[in-house]
Amino acid sequence: CGGLGEVGQRAPIFNMVTVMTCDQGRGEGTVSAIPCKECRGEGRVRQPRSLKVKVPAGVDGASQIRITGEGEAGPRGGPHGNLYVALDVQPHEYFVREGNDILLELPLNIAQAALGADLDVPTVDGEERLRVPPGTQNGATFRIAKKGVPFLRGNGRGDQIVVARVVVPTRLNEQQRRLFQELERTMEPEQIGGQQDEGFFGRLRSALGL
């Protein structure tokens, strides 16, 4: 190619000339007389490297972090590209993320739901005191302000929404069975088709503002 980096090839038909990159110098116009055996003349080799990446608060599984200049080196001493770190957020044992809110299912026994209770519930910042009022129904929701996920762009954070789950005992000892029988005799039977509430998913949608 004479240092041009391109070669021309004439087609036998119509006398057309096609310009292509020179294979020998890879379009650079120069040829290394003794190319490096490790990089084969490219001027770069592949090596493993560890980097420390700062993950900002509020990221989710669809987030990527770009680290400028930490990608592959360009050929022949060219500039480095960028490194993109794709995040994979693992599910938590009992916290569920919903946007910037965090959902937590809180098991209650029948006595706690009927009489009310003051309970310590876990949050991402540690335990928080929660007042469960008397007569709490299964699926009732309670909001703990500013205990959710921080907003990725901007100030503030979401809330933690606690969803009550009333657990009916499956095994009773004799004392418990006797107490429940005495309680049953003092209570009026529930009427079929009585006052309806919005249900578990309705209350959850209301708590989330949906």
# chains A, B, ... in the order shown; residues from 1 in each chain; ligands from 1

$ select_by_dssp --residues "region 28-185 of chain A" --states "alpha helix (DSSP H)" --output "short mmCIF file (atom, residue, chain, number, x, y, z; two decimals) with N, CA and C atoms, in the first residue's frame"
data_model
loop_
_atom_site.label_atom_id
_atom_site.label_comp_id
_atom_site.auth_asym_id
_atom_site.auth_seq_id
_atom_site.Cartn_x
_atom_site.Cartn_y
_atom_site.Cartn_z
N ILE A 110 -53.99 -14.20 67.23
CA ILE A 110 -55.36 -13.70 67.37
C ILE A 110 -55.47 -12.72 68.52
N ALA A 111 -54.78 -12.97 69.60
CA ALA A 111 -54.84 -12.07 70.76
C ALA A 111 -54.26 -10.70 70.42
N GLN A 112 -53.12 -10.68 69.71
CA GLN A 112 -52.52 -9.41 69.33
C GLN A 112 -53.43 -8.62 68.40
N ALA A 113 -54.06 -9.32 67.45
CA ALA A 113 -54.95 -8.65 66.50
C ALA A 113 -56.20 -8.12 67.20
N ALA A 114 -56.74 -8.87 68.15
CA ALA A 114 -57.98 -8.46 68.82
C ALA A 114 -57.73 -7.40 69.88
N LEU A 115 -56.68 -7.54 70.68
CA LEU A 115 -56.44 -6.64 71.80
C LEU A 115 -55.50 -5.49 71.46
N GLU A 174 -55.00 -27.87 75.98
CA GLU A 174 -56.31 -27.93 76.63
C GLU A 174 -56.72 -26.57 77.21
N GLN A 175 -55.80 -25.87 77.80
CA GLN A 175 -56.13 -24.56 78.37
C GLN A 175 -56.54 -23.57 77.28
N GLN A 176 -55.80 -23.56 76.19
CA GLN A 176 -56.13 -22.66 75.09
C GLN A 176 -57.48 -23.01 74.47
N ARG A 177 -57.74 -24.30 74.30
CA ARG A 177 -59.02 -24.71 73.74
C ARG A 177 -60.17 -24.29 74.66
N ARG A 178 -60.01 -24.45 75.98
CA ARG A 178 -61.05 -24.07 76.92
C ARG A 178 -61.29 -22.55 76.90
N LEU A 179 -60.23 -21.79 76.80
CA LEU A 179 -60.38 -20.33 76.74
C LEU A 179 -61.09 -19.90 75.46
N PHE A 180 -60.77 -20.53 74.34
CA PHE A 180 -61.44 -20.19 73.09
C PHE A 180 -62.91 -20.59 73.14
N GLN A 181 -63.23 -21.69 73.78
CA GLN A 181 -64.63 -22.10 73.89
C GLN A 181 -65.41 -21.12 74.77
N GLU A 182 -64.81 -20.66 75.84
CA GLU A 182 -65.47 -19.66 76.68
C GLU A 182 -65.66 -18.34 75.92
N LEU A 183 -64.64 -17.97 75.11
CA LEU A 183 -64.75 -16.75 74.31
C LEU A 183 -65.86 -16.88 73.27
N GLU A 184 -65.97 -18.05 72.67
CA GLU A 184 -66.99 -18.25 71.64
C GLU A 184 -68.40 -18.07 72.21
N ARG A 185 -68.62 -18.53 73.46
CA ARG A 185 -69.94 -18.43 74.05
C ARG A 185 -70.33 -16.99 74.37
#

$ select_by_dssp --residues "region 87-150 of chain A" --states "strand (DSSP E or B)" --output "MDAnalysis selection string"
chainID A and resid 95:98 101:109 117:123 126:132 141:144 150

$ write_last_selection --atoms "C-alpha atoms" --output "mmCIF file, in the first residue's frame"
data_model
loop_
_atom_site.group_PDB
_atom_site.id
_atom_site.type_symbol
_atom_site.label_atom_id
_atom_site.label_comp_id
_atom_site.auth_asym_id
_atom_site.auth_seq_id
_atom_site.Cartn_x
_atom_site.Cartn_y
_atom_site.Cartn_z
ATOM 1 C CA PHE A 95 -38.378 -7.262 52.806
ATOM 2 C CA VAL A 96 -40.024 -6.752 49.402
ATOM 3 C CA ARG A 97 -39.313 -3.614 47.389
ATOM 4 C CA GLU A 98 -42.188 -1.853 45.623
ATOM 5 C CA ASP A 101 -41.416 1.642 49.331
ATOM 6 C CA ILE A 102 -40.531 -1.494 51.282
ATOM 7 C CA LEU A 103 -43.217 -4.051 52.152
ATOM 8 C CA LEU A 104 -43.021 -6.186 55.278
ATOM 9 C CA GLU A 105 -45.493 -8.906 56.271
ATOM 10 C CA LEU A 106 -46.081 -8.896 60.042
ATOM 11 C CA PRO A 107 -47.505 -12.095 61.589
ATOM 12 C CA LEU A 108 -49.982 -11.490 64.459
ATOM 13 C CA ASN A 109 -51.641 -14.029 66.675
ATOM 14 C CA ALA A 117 -50.045 -4.672 70.781
ATOM 15 C CA ASP A 118 -46.864 -2.604 70.722
ATOM 16 C CA LEU A 119 -44.318 -4.493 68.626
ATOM 17 C CA ASP A 120 -40.762 -3.940 67.440
ATOM 18 C CA VAL A 121 -40.685 -4.499 63.688
ATOM 19 C CA PRO A 122 -37.506 -4.693 61.577
ATOM 20 C CA THR A 123 -36.597 -1.959 59.109
ATOM 21 C CA GLY A 126 -32.966 -1.319 62.616
ATOM 22 C CA GLU A 127 -36.028 -2.060 64.734
ATOM 23 C CA GLU A 128 -38.887 0.435 64.923
ATOM 24 C CA ARG A 129 -41.737 0.499 67.451
ATOM 25 C CA LEU A 130 -45.164 -0.021 65.870
ATOM 26 C CA ARG A 131 -48.540 0.337 67.558
ATOM 27 C CA VAL A 132 -51.031 -2.290 66.366
ATOM 28 C CA THR A 141 -51.570 -1.933 56.465
ATOM 29 C CA PHE A 142 -49.457 0.459 58.534
ATOM 30 C CA ARG A 143 -47.043 3.012 57.121
ATOM 31 C CA ILE A 144 -43.706 3.871 58.728
ATOM 32 C CA PRO A 150 -33.692 6.383 49.126
#

$ residues_around --residues "Gly58 (chain A)" --least-positions-apart "4" --cutoff "6 Å" --atoms "only C-alpha atoms" --output "list in words"
Val149, Pro150, Phe151 and Leu152 of chain A

$ residues_around --residues "Ala164 (chain A)" --least-positions-apart "2" --cutoff "6 Å" --atoms "only C-alpha atoms" --output "ChimeraX atom specification"
/A:106,138-140

$ atom_distance --atom1 "CA of Ile65 (chain A)" --atom2 "CA of Val53 (chain A)"
8.5 Å

$ residues_around --residues "Val89 (chain A)" --least-positions-apart "4" --cutoff "9 Å" --atoms "only C-alpha atoms" --output "ChimeraX atom specification"
/A:59-62

$ write_last_selection --atoms "C-alpha atoms" --output "mmCIF file, in the first residue's frame"
data_model
loop_
_atom_site.group_PDB
_atom_site.id
_atom_site.type_symbol
_atom_site.label_atom_id
_atom_site.label_comp_id
_atom_site.auth_asym_id
_atom_site.auth_seq_id
_atom_site.Cartn_x
_atom_site.Cartn_y
_atom_site.Cartn_z
ATOM 1 C CA VAL A 59 -30.264 1.377 42.839
ATOM 2 C CA ASP A 60 -32.276 -1.590 41.613
ATOM 3 C CA GLY A 61 -31.731 -4.626 39.412
ATOM 4 C CA ALA A 62 -32.080 -2.587 36.205
#

$ closest_residue --among "A:Val45, A:Ala57, A:Leu51, A:Ala86" --to "Arg157 (chain A)" --atoms "only C-alpha atoms"
A:Ala57

$ closest_residue --among "A:Gly81, A:Pro56, A:Pro133, A:Gly99" --to "Thr68 (chain A)" --atoms "only C-alpha atoms"
A:Gly81
